[in-house]
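> A single structure is presented below for examination.
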Amino acid sequence: MRPEIPQQDLVQTTLPARNIGGAPNGGKPRVPVMLRALQYRNYRLFFMGQIVSLVGTWMQSVAQSWLVYRLTGSSFLLGITGFCSQIPVFLMAPLGGMLADRHSRHRIVIATQSSAMTLAVILAALTLLGHIKVWEIIALATLLGVVNAFDIPARQAFVVEMIHPQDLINAIALNSSMVNSARMIGPAVAGLTVAAVGEGWCFLANGVSYIAVITGLLMMKITPRPRKSGHSGVKSVVEGFRWVAHTGPIRALLLLLGVVSLTGMPYMVLMPIFADRILHSGARGLGMLMAASGLGALSGTLVLASKRGVRGLGRWITFAASGFGMALILFTLSRSFLLSLVLLFPAGFCMMIEMASSNTLVQTMVPDELRGRVMAVYSMMFMGMAPFGALSAGTVAQHLGTPQTVAMGGVVCLMGGAIFGWAWRSLRPEARELILAQAMAGGEPSEGMTGQSFRLNGEKASGTENGIGLKEEPSASAARANLEQA
C-alpha cells in the first residue's frame with residue numbers, strides 16, 4: 001500500500017516515473033502530468049508502436065474509401081464497404097470479449113495485429129498489380145472486421161494491465177490522442193499519396209507500419225494474471241450482457257454511444273462525396289477534411305488528458321453529444337471548403353470527448369473479471385453500430401442527398417445528448433457507488449479515480465454493507481460519504 005500523496009503533490013506539473021507495468025527504468029525521469037501514463041514502460045512501448053501503426057491504418061481507411069468511390073462512383077457501395085468492415089464487430093465482439101476474460105490479452109493483441117498486417121499486405125499487392133476488384137476490397141474489409149472483433153475488446157481491456165488504476169483516465173485519453181494524431185496525419189498523407197502514386201502504396205505503408213506495434217508488444221514484460229474459466233462460453237457471454245443491462249449508468253452510456261455511432265459517425269463514410277461533389281476539392285481536399293476533424297478530436301483528447309478524475313464526465317458527455325450534432329448540422333449547410341474545415345474541428349472535438357469520456361467511465365465502473373465482455377459491448381456500440389449507420393446513410397443519401405442525410409443524423413445526436421443529460425441526474429449516485437466499489441477492489445481509491453483524495457488506513461474494525469455487495473472498512477465508508485456529497 002502506498003503512503004498518502006501530500007496535497008501539494010496533487011497539483012505539481014510533473015511526476016516521478018513509476019515502474020508499475022514494466023521493468024525498472026533505472027533513473028527517475030520526470031513525466032508531465034498530462035502524459036503521466038507514460039511513466040510505465042509497457043505503456044510507453046504500446047504507445048509508441050500504436051501511434052506509428054495508426055497512421056498507416058488511417059491512410060488505408062481514406063485510400064480504401066477513395067478507391068471504392070473511384071471504381072464505382074456509388075455512395076451505396078461506399079456504405080456497403082463500411083458495413084462489411086464493421087458488422088463483424090457487432091456480431092463477434094462478445095466472443096472476443098469472452099476470450100479476453102479467459103486468456104492472455106497480451107497474446108491476443110499480438111495475434112490480431114499480425115493478422116491485420118497480413119490483410120493490409122494482400123490488399124496492397126492486389127492494388128499495385130492492377131488486379132483489384134470491388135468485391136475483393138469488400139471481402140478483405142470483412143476479414144479485417146473479424147480481426148477487429150477480437151482485437152478491440154482485448155486491446156481496450158489490456159490497457160488496465162499496463163498502468164496503475166489511478167492513471168486510467170490519462171491512459172484512455174492518450175490512447176484517444178494516438179488515434180486522433182494519426183487521424184490528423186494519416187488522411188493528409190493519404191490524400192497526397194493517392195494523388196501522386198495511387199492507393200496501393202497507402203495500403204503497403206499500412207502493412208509495414210504494423211511492424212512497430214508488434215515489436216513493441218513483443219518487447220513488453222507482462223506478469224501473467226490468472227483467468228477464471230467461470231461458466232461455459234454461452235453463459236459467460238450472457239453474463240456480460242446481463243451485467244450491462246442491469247447496471248443503469250453503463251446501460252445509459254452505451255445506449256448514447258450506440259446512437260451517436262449509428263446516426264452521427266456515418267458522416268465520415270460519406271466524406272468522399274462532400275469532398276468531390278459538394279466542395280469540389282478532390283482527393284487532397286478529402287485528406288484535409290479528415291485531418292480537420294482529426295485535429296479537433298486530438299484537441300479533445302488533450303483536454304481530457306489534463307483532467308485528473310472522473311467527476312463531471314457525465315455532464316461533459318451530455319454537452320459533447322449535443323455539440324457534435326449541432327456541428328454536423330452546420331457542416332451540411334456549408335458550401336465553402338474553408339468554412340467546412342472550420343466546422344469539422346468542433347465536430348471532431350465533441351465526438352472524441354463523448355466517446356473517450358464514455359470509455360473512461362465504463363472502465364472505472366466495471367469489475368476486472370467482466371472487463372473484456374463489457375468492453376466487447378462497448379465495441380458493439382462504438383464500432384458495431386457504425387456498419388448499420390454506414391449502410392443506412394449510403395442508402396438514404398442515394399435518395400435524399402448526402403447533406404440531408406448527415407443533417408438528420410446531427411439532429412438525432414442533439415436530441416440523444418439532451419435525453420442522456422436528463423437521465424444521468426438520477427443515475428449519478430449509482431455511478432458513484434460503482435466507481436468506489438472498483439477503487440476498493442483495486443486496493444486504494446484515489447484522487448485520479450474519483451476526483452477526491454482519500455486514504456485507506458487498514459483498520460480491522462467491522463465493515464458495513466454498501467448496497468452493492470461490497471464489504472467496507474470504516475475508512476471506505478467515509479470515502480463513500482465524500483463521494484455522495486460530490
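Convention: chains lettered A, B, ... in C-alpha cells order; per-chain residue numbering from 1; ligands numbered from 1 as shown.
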Leaving out Gly372 in chain A and any residue of its chain fewer than 6 positions from it, which residues lie within 10 Å of it when counting only C-alpha atoms, given as a list in words?

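After dropping sequence-adjacent residues, the list is Ala93, Pro94, Leu95, Gly96, Gly97, Met98, Leu99, Ala100, Asp101, Arg102, Arg105, Ile152, Pro153, Ala154, Arg155, Gln156, Ala157, Phe158, Gly240, Val366 and Tyr378 of chain A.
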
> Restricting the output to C-alpha atoms, write the selected residues as a PDB file, in the first residue's frame.


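Wrote again.pdb, looks like this:
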```pdb
ATOM      1  CA  ALA A  93     -17.216  -8.895 -30.322  1.00  0.00           C
ATOM      2  CA  PRO A  94     -18.966 -10.812 -27.487  1.00  0.00           C
ATOM      3  CA  LEU A  95     -16.873 -13.862 -28.384  1.00  0.00           C
ATOM      4  CA  GLY A  96     -13.766 -11.662 -28.466  1.00  0.00           C
ATOM      5  CA  GLY A  97     -14.645 -10.245 -25.046  1.00  0.00           C
ATOM      6  CA  MET A  98     -15.113 -13.720 -23.578  1.00  0.00           C
ATOM      7  CA  LEU A  99     -11.670 -14.773 -24.859  1.00  0.00           C
ATOM      8  CA  ALA A 100     -10.142 -11.593 -23.419  1.00  0.00           C
ATOM      9  CA  ASP A 101     -11.510 -12.515 -19.976  1.00  0.00           C
ATOM     10  CA  ARG A 102     -10.215 -16.104 -20.193  1.00  0.00           C
ATOM     11  CA  ARG A 105      -4.906 -10.252 -23.559  1.00  0.00           C
ATOM     12  CA  ILE A 152     -10.754  -4.256 -29.797  1.00  0.00           C
ATOM     13  CA  PRO A 153     -12.099  -5.879 -26.578  1.00  0.00           C
ATOM     14  CA  ALA A 154      -8.697  -7.400 -25.769  1.00  0.00           C
ATOM     15  CA  ARG A 155      -6.794  -4.170 -26.509  1.00  0.00           C
ATOM     16  CA  GLN A 156      -9.205  -1.992 -24.520  1.00  0.00           C
ATOM     17  CA  ALA A 157      -9.077  -4.340 -21.532  1.00  0.00           C
ATOM     18  CA  PHE A 158      -5.285  -4.742 -21.834  1.00  0.00           C
ATOM     19  CA  GLY A 240     -21.632  -9.855 -19.600  1.00  0.00           C
ATOM     20  CA  VAL A 366     -16.624  -2.402 -14.470  1.00  0.00           C
ATOM     21  CA  TYR A 378     -18.696  -1.068 -25.791  1.00  0.00           C
TER      22      TYR A 378
END
```

> Can you build me a table of range 44-109 of chain A residues sitting at most 9 Å from range 385-405 of chain A, with the closest atom pair per residue and its distance in Å to one decimal, using only C-alpha atoms, sorted by chain and residue number, as a Markdown table?


```
| residue | atom | partner | partner_atom | distance |
| --- | --- | --- | --- | --- |
| A:Ser74 | CA | A:Gln398 | CA | 8.4 |
| A:Ser75 | CA | A:Gly394 | CA | 5.4 |
| A:Phe76 | CA | A:Gly394 | CA | 4.7 |
| A:Leu77 | CA | A:Gly394 | CA | 7.6 |
| A:Leu78 | CA | A:Gly394 | CA | 6.9 |
| A:Gly79 | CA | A:Leu391 | CA | 4.5 |
| A:Ile80 | CA | A:Leu391 | CA | 5.7 |
| A:Thr81 | CA | A:Leu391 | CA | 8.4 |
| A:Gly82 | CA | A:Pro387 | CA | 5.7 |
| A:Phe83 | CA | A:Pro387 | CA | 3.7 |
| A:Cys84 | CA | A:Pro387 | CA | 6.8 |
| A:Ser85 | CA | A:Pro387 | CA | 7.4 |
| A:Gln86 | CA | A:Pro387 | CA | 5.3 |
| A:Ile87 | CA | A:Pro387 | CA | 5.5 |
| A:Val89 | CA | A:Met385 | CA | 8.8 |
| A:Phe90 | CA | A:Met385 | CA | 6.8 |
```

> Determine the nearest neighbour of Arg284 in chain A from the options A:Ser379, A:Gln166, A:Thr193, A:Asn42, counting only C-alpha atoms.

A:Thr193

> Provide the CA of Ala437 in chain A to CA of Arg311 in chain A distance in Å, to one decimal place.

15.4 Å

> Determine, counting only C-alpha atoms, which protein, DNA and RNA residues have an atom within 6 Å of an atom of Ala182 in chain A; residues of the same chain fewer than 4 positions away are not included. Present the result as an MDAnalysis selection string.

chainID A and resid 54:55 186
